[in-house]
Amino acid sequence: MRLRGKIALITGAGGDLGRGMALRFAEEGAKVMVNDKNLGKAQETVDLVTKQGGVAAPNGADLTKAGEVKEMVGQVIKEWEQLDILVNNAGDIRDALLTKMSDEDWDFVVDLNLKASFLCARAVAPHMIERGYGKIVNISSMAYKGNIGQTNYVAAKAGVVGLTQALGLELARYGINVNCVAPGLIDTPKARTLDEKVLDILVKKTPMKRMGEIIDIANPVLFLVSDESKYITRQTIHVSGGMEGF
Ligand SMILES: NC(=O)c1ccc[n+]([C@@H]2O[C@H](COP(=O)([O-])OP(=O)(O)OC[C@H]3O[C@@H](n4cnc5c(N)ncnc54)[C@H](O)[C@@H]3O)[C@@H](O)[C@H]2O)c1
């Protein structure tokens with residue numbers, strides 16, 4: 001029960017990786033606020049947590065809207081009186097080669113993957129600073145090192161690594177750890193929508209020669225939000241089977 005008595009907010013936790021984290025955190029004793037713009041998916045995660053004996057609640061805030069983010073954080077603190085852990089997990093792609101990439105594709109991806117993480121961190125910071133305690137984990141991607149057809153996603157995910165460095169520096173003195181996890185290729189339904197040939201190439205580029213599992217991400221994130229890692233901050237852990245770039 002490494003998270004006994006802790007309150008966690010995980011964004012985009014109706015999705016595959018966030019759901020894995022919600023289940024794992026709840027197993028370790030945390031109460032989890034499951035955010036997802038798709039409230040039906042958030043509720044599914046809540047039901048799964050409840051089924052395994054944990055405590056969770058759904059939240060449907062759109063993370064690209066500062067007002068909704070503020071309200072979401074207020075809801076957690078009102079309901080559970082504190083907020084110890086924030087995982088900025090929500091993210092998505094809109095791939096296109098540079099000359100074909102629209103302004104909308106750029107803005108959508110940067111707003112969701114990068115700006116939303118800033119908005120959430122800004123909303124939780126006053127409360128965490130006041131309590132002198134907090135854990136923030138940002139989810140990047142190994143794509144942050146560069147990938148063809150993903151200028152928007154690569155820039156946003158590299159931004160997430162930079163945001164981690166800057167937030168960590170600003171918040172360290174208040175007892176707040178800020179770290180980042182960069183997943184490689186993880187076996188999720190979304191990854192399975194990739195062309196089989198592309199998947200094959202990516203697996204071949206992975207020294208461990210396999211895709212990661214959802215639990216392979218949930219466990220390092222759990223470590224980073226627990227007090228086992230209390231002297232670690234501003235770090236980006238590559239959880240990629242040794243793959244260092246696409
Ligand atoms: N799956 C992988 O192989 C992989 C690899 C590297 C990095 N990542 C990163 O991990 C994170 C989670 O990925 P996933 O595969 O679980 O994705 P997913 O699509 O399964 O889940 C993302 C969730 O975010 C929600 N969401 C989208 N826009 C939102 C908004 N504006 N407000 C609130 N919620 C919103 C979606 O409804 C969805 O349920 C993402 O940041 C992704 O970039 C995933």
# chains A, B, ... in the order shown; residues from 1 in each chain; ligands from 1
call {"tool": "residues_near_ligand", "arguments": {"ligand": "ligand 1", "cutoff": "6 Å", "atoms": "only C-alpha atoms and all ligand atoms", "output": "PyMOL selection string"}}
result
chain A and resi 12+14-18+36-38+61-64+89-92+112+139-141+183-186+188+191
call {"tool": "select_by_dssp", "arguments": {"residues": "range 42-224 of chain A", "states": "helix (DSSP H, G or I)", "output": "VMD selection string"}}
result
chain A and resid 42 to 51 66 to 80 98 to 100 103 to 131 142 to 145 151 to 174 191 to 193 196 to 205 214 to 224
call {"tool": "residues_around", "arguments": {"residues": "Ala26 in chain A", "least_positions_apart": "4", "cutoff": "10 Å", "atoms": "only C-alpha atoms", "output": "ChimeraX atom specification"}}
result
/A:1-4,6-8,21-22,30-32,49-50,52-56
call {"tool": "write_last_selection", "arguments": {"atoms": "all heavy atoms", "output": "compact mmCIF listing (two decimals), in the first residue's frame"}}
result
# COMPACT_ATOMS: atom_id res chain seq x y z
N MET A 1 0.85 -1.21 0.00
CA MET A 1 0.00 0.00 0.00
C MET A 1 0.88 1.25 0.00
O MET A 1 0.87 2.05 0.94
CB MET A 1 -0.95 -0.03 1.21
CG MET A 1 -1.92 -1.18 1.19
SD MET A 1 -3.06 -1.09 -0.21
CE MET A 1 -4.48 -0.34 0.53
N ARG A 2 1.62 1.42 -1.08
CA ARG A 2 2.58 2.52 -1.15
C ARG A 2 1.93 3.89 -1.28
O ARG A 2 2.58 4.91 -1.08
CB ARG A 2 3.53 2.30 -2.34
CG ARG A 2 4.58 1.26 -2.04
CD ARG A 2 5.51 1.12 -3.19
NE ARG A 2 4.99 0.16 -4.17
CZ ARG A 2 5.59 -0.11 -5.32
NH1 ARG A 2 6.70 0.50 -5.64
NH2 ARG A 2 5.08 -1.00 -6.13
N LEU A 3 0.63 3.92 -1.65
CA LEU A 3 -0.05 5.22 -1.82
C LEU A 3 -1.22 5.36 -0.84
O LEU A 3 -2.15 6.10 -1.09
CB LEU A 3 -0.54 5.38 -3.26
CG LEU A 3 0.52 5.32 -4.37
CD1 LEU A 3 -0.12 5.59 -5.73
CD2 LEU A 3 1.66 6.30 -4.14
N ARG A 4 -1.14 4.65 0.27
CA ARG A 4 -2.22 4.73 1.26
C ARG A 4 -2.44 6.19 1.69
O ARG A 4 -1.48 6.91 2.00
CB ARG A 4 -1.85 3.90 2.49
CG ARG A 4 -3.02 3.70 3.46
CD ARG A 4 -2.55 3.28 4.82
NE ARG A 4 -1.78 2.04 4.80
CZ ARG A 4 -2.29 0.81 4.88
NH1 ARG A 4 -3.59 0.67 4.98
NH2 ARG A 4 -1.52 -0.25 4.85
N LYS A 6 -3.29 8.67 -0.11
CA LYS A 6 -2.95 9.67 -1.13
C LYS A 6 -4.12 9.87 -2.11
O LYS A 6 -4.89 8.94 -2.38
CB LYS A 6 -1.72 9.23 -1.94
CG LYS A 6 -0.48 9.02 -1.10
CD LYS A 6 0.08 10.32 -0.55
CE LYS A 6 1.46 10.14 0.04
NZ LYS A 6 1.58 10.68 1.39
N ILE A 7 -4.19 11.09 -2.62
CA ILE A 7 -5.21 11.44 -3.62
C ILE A 7 -4.50 11.73 -4.95
O ILE A 7 -3.58 12.56 -4.98
CB ILE A 7 -6.01 12.69 -3.18
CG1 ILE A 7 -6.59 12.53 -1.78
CG2 ILE A 7 -7.08 13.02 -4.22
CD1 ILE A 7 -7.61 11.44 -1.60
N ALA A 8 -4.95 11.05 -5.99
CA ALA A 8 -4.29 11.20 -7.29
C ALA A 8 -5.28 11.68 -8.35
O ALA A 8 -6.45 11.28 -8.36
CB ALA A 8 -3.69 9.86 -7.73
N MET A 21 -2.65 3.03 -15.05
CA MET A 21 -2.11 3.75 -13.87
C MET A 21 -3.18 3.84 -12.77
O MET A 21 -2.88 3.65 -11.59
CB MET A 21 -1.71 5.18 -14.26
CG MET A 21 -0.53 5.25 -15.21
SD MET A 21 -0.37 6.97 -15.82
CE MET A 21 0.38 6.67 -17.41
N ALA A 22 -4.42 4.15 -13.17
CA ALA A 22 -5.50 4.30 -12.18
C ALA A 22 -5.67 2.99 -11.41
O ALA A 22 -5.78 2.99 -10.17
CB ALA A 22 -6.80 4.69 -12.88
N ALA A 30 -4.38 4.49 -3.21
CA ALA A 30 -4.75 5.88 -3.54
C ALA A 30 -6.23 5.96 -3.94
O ALA A 30 -6.79 5.01 -4.47
CB ALA A 30 -3.90 6.40 -4.69
N LYS A 31 -6.85 7.13 -3.68
CA LYS A 31 -8.14 7.44 -4.27
C LYS A 31 -7.83 8.17 -5.57
O LYS A 31 -6.97 9.07 -5.58
CB LYS A 31 -8.94 8.38 -3.36
CG LYS A 31 -9.52 7.69 -2.16
CD LYS A 31 -10.38 8.69 -1.38
CE LYS A 31 -10.74 8.12 -0.03
NZ LYS A 31 -11.23 9.11 0.91
N VAL A 32 -8.51 7.80 -6.63
CA VAL A 32 -8.12 8.32 -7.94
C VAL A 32 -9.25 9.11 -8.61
O VAL A 32 -10.36 8.60 -8.79
CB VAL A 32 -7.69 7.17 -8.89
CG1 VAL A 32 -7.14 7.75 -10.20
CG2 VAL A 32 -6.66 6.26 -8.23
N VAL A 49 -11.91 0.14 -11.31
CA VAL A 49 -11.22 0.40 -10.02
C VAL A 49 -12.12 -0.09 -8.89
O VAL A 49 -11.65 -0.79 -7.96
CB VAL A 49 -10.89 1.90 -9.86
CG1 VAL A 49 -10.43 2.20 -8.44
CG2 VAL A 49 -9.81 2.33 -10.85
N THR A 50 -13.40 0.26 -8.97
CA THR A 50 -14.34 -0.11 -7.91
C THR A 50 -14.44 -1.63 -7.81
O THR A 50 -14.46 -2.19 -6.71
CB THR A 50 -15.74 0.49 -8.21
OG1 THR A 50 -15.56 1.86 -8.53
CG2 THR A 50 -16.67 0.37 -7.03
N GLN A 52 -12.22 -3.79 -8.38
CA GLN A 52 -11.06 -4.40 -7.69
C GLN A 52 -10.94 -3.91 -6.24
O GLN A 52 -9.93 -4.12 -5.58
CB GLN A 52 -9.77 -4.21 -8.49
CG GLN A 52 -9.21 -2.80 -8.48
CD GLN A 52 -7.82 -2.66 -9.10
OE1 GLN A 52 -7.39 -3.46 -9.93
NE2 GLN A 52 -7.09 -1.64 -8.70
N GLY A 53 -11.98 -3.19 -5.75
CA GLY A 53 -12.01 -2.80 -4.34
C GLY A 53 -11.44 -1.44 -4.05
O GLY A 53 -11.25 -1.07 -2.89
N GLY A 54 -11.14 -0.65 -5.10
CA GLY A 54 -10.55 0.67 -4.91
C GLY A 54 -11.59 1.78 -4.91
O GLY A 54 -12.78 1.53 -5.05
N VAL A 55 -11.08 3.01 -4.75
CA VAL A 55 -11.96 4.18 -4.74
C VAL A 55 -11.55 5.12 -5.88
O VAL A 55 -10.38 5.47 -6.01
CB VAL A 55 -11.85 4.94 -3.40
CG1 VAL A 55 -12.74 6.18 -3.40
CG2 VAL A 55 -12.20 4.01 -2.23
N ALA A 56 -12.53 5.51 -6.71
CA ALA A 56 -12.27 6.42 -7.82
C ALA A 56 -13.53 7.19 -8.15
O ALA A 56 -14.63 6.78 -7.78
CB ALA A 56 -11.80 5.64 -9.05
call {"tool": "residues_around", "arguments": {"residues": "Leu171 in chain A", "least_positions_apart": "4", "cutoff": "10 Å", "atoms": "only C-alpha atoms", "output": "VMD selection string"}}
result
chain A and resid 125 128 to 129 132 to 134 166 to 167 175 to 178 233
call {"tool": "closest_residue", "arguments": {"among": "A:Gln165, A:Thr206, A:Asn179, A:Ser117", "to": "Ser240 in chain A", "atoms": "only C-alpha atoms"}}
result
A:Thr206
call {"tool": "atom_distance", "arguments": {"atom1": "CA of Ile136 in chain A", "atom2": "CA of Gly168 in chain A"}}
result
8.9 Å
call {"tool": "residues_around", "arguments": {"residues": "Gly241 in chain A", "least_positions_apart": "3", "cutoff": "12 Å", "atoms": "only C-alpha atoms", "output": "list in words"}}
result
Met142, Ala182, Pro183, Gly184, Leu185, Ile186, Leu202, Val203, Lys204, Lys205, Thr206, Pro207, Met208, Lys209, Arg210, Met211, Gly212, Glu213, Asp216, Ile217, Ile237, His238, Glu244 and Gly245 of chain A
call {"tool": "residues_around", "arguments": {"residues": "Leu98 in chain A", "least_positions_apart": "2", "cutoff": "7 Å", "atoms": "only C-alpha atoms", "output": "list of chain:residue names"}}
result
A:Ala96, A:Lys100, A:Met101, A:Gly149, A:Thr151
call {"tool": "write_last_selection", "arguments": {"atoms": "all heavy atoms", "output": "PDB file, in the first residue's frame"}}
result
ATOM      1  N   ALA A  96       1.029  14.202 -39.989  1.00  0.00           N
ATOM      2  CA  ALA A  96       1.100  14.617 -41.398  1.00  0.00           C
ATOM      3  C   ALA A  96       2.526  15.097 -41.666  1.00  0.00           C
ATOM      4  O   ALA A  96       3.200  15.592 -40.753  1.00  0.00           O
ATOM      5  CB  ALA A  96       0.125  15.756 -41.673  1.00  0.00           C
ATOM      6  N   LYS A 100       2.110  19.167 -45.382  1.00  0.00           N
ATOM      7  CA  LYS A 100       0.673  18.843 -45.392  1.00  0.00           C
ATOM      8  C   LYS A 100       0.018  19.114 -44.034  1.00  0.00           C
ATOM      9  O   LYS A 100      -1.176  18.892 -43.861  1.00  0.00           O
ATOM     10  CB  LYS A 100       0.497  17.339 -45.699  1.00  0.00           C
ATOM     11  CG  LYS A 100       1.070  16.890 -47.016  1.00  0.00           C
ATOM     12  CD  LYS A 100      -0.043  16.738 -48.039  1.00  0.00           C
ATOM     13  CE  LYS A 100       0.451  16.672 -49.457  1.00  0.00           C
ATOM     14  NZ  LYS A 100       1.341  15.569 -49.746  1.00  0.00           N
ATOM     15  N   MET A 101       0.844  19.563 -43.079  1.00  0.00           N
ATOM     16  CA  MET A 101       0.283  19.739 -41.738  1.00  0.00           C
ATOM     17  C   MET A 101      -0.492  21.060 -41.628  1.00  0.00           C
ATOM     18  O   MET A 101       0.057  22.121 -41.901  1.00  0.00           O
ATOM     19  CB  MET A 101       1.388  19.671 -40.671  1.00  0.00           C
ATOM     20  CG  MET A 101       0.774  19.726 -39.282  1.00  0.00           C
ATOM     21  SD  MET A 101       1.870  19.246 -37.988  1.00  0.00           S
ATOM     22  CE  MET A 101       2.150  17.536 -38.306  1.00  0.00           C
ATOM     23  N   GLY A 149       6.765  12.880 -39.929  1.00  0.00           N
ATOM     24  CA  GLY A 149       5.305  12.994 -39.976  1.00  0.00           C
ATOM     25  C   GLY A 149       4.688  13.421 -38.656  1.00  0.00           C
ATOM     26  O   GLY A 149       3.465  13.420 -38.508  1.00  0.00           O
ATOM     27  N   THR A 151       5.856  16.432 -36.656  1.00  0.00           N
ATOM     28  CA  THR A 151       6.499  17.649 -36.120  1.00  0.00           C
ATOM     29  C   THR A 151       5.716  18.203 -34.933  1.00  0.00           C
ATOM     30  O   THR A 151       6.313  18.645 -33.942  1.00  0.00           O
ATOM     31  CB  THR A 151       6.632  18.756 -37.198  1.00  0.00           C
ATOM     32  OG1 THR A 151       5.389  18.883 -37.867  1.00  0.00           O
ATOM     33  CG2 THR A 151       7.740  18.445 -38.186  1.00  0.00           C
TER      34      THR A 151
END
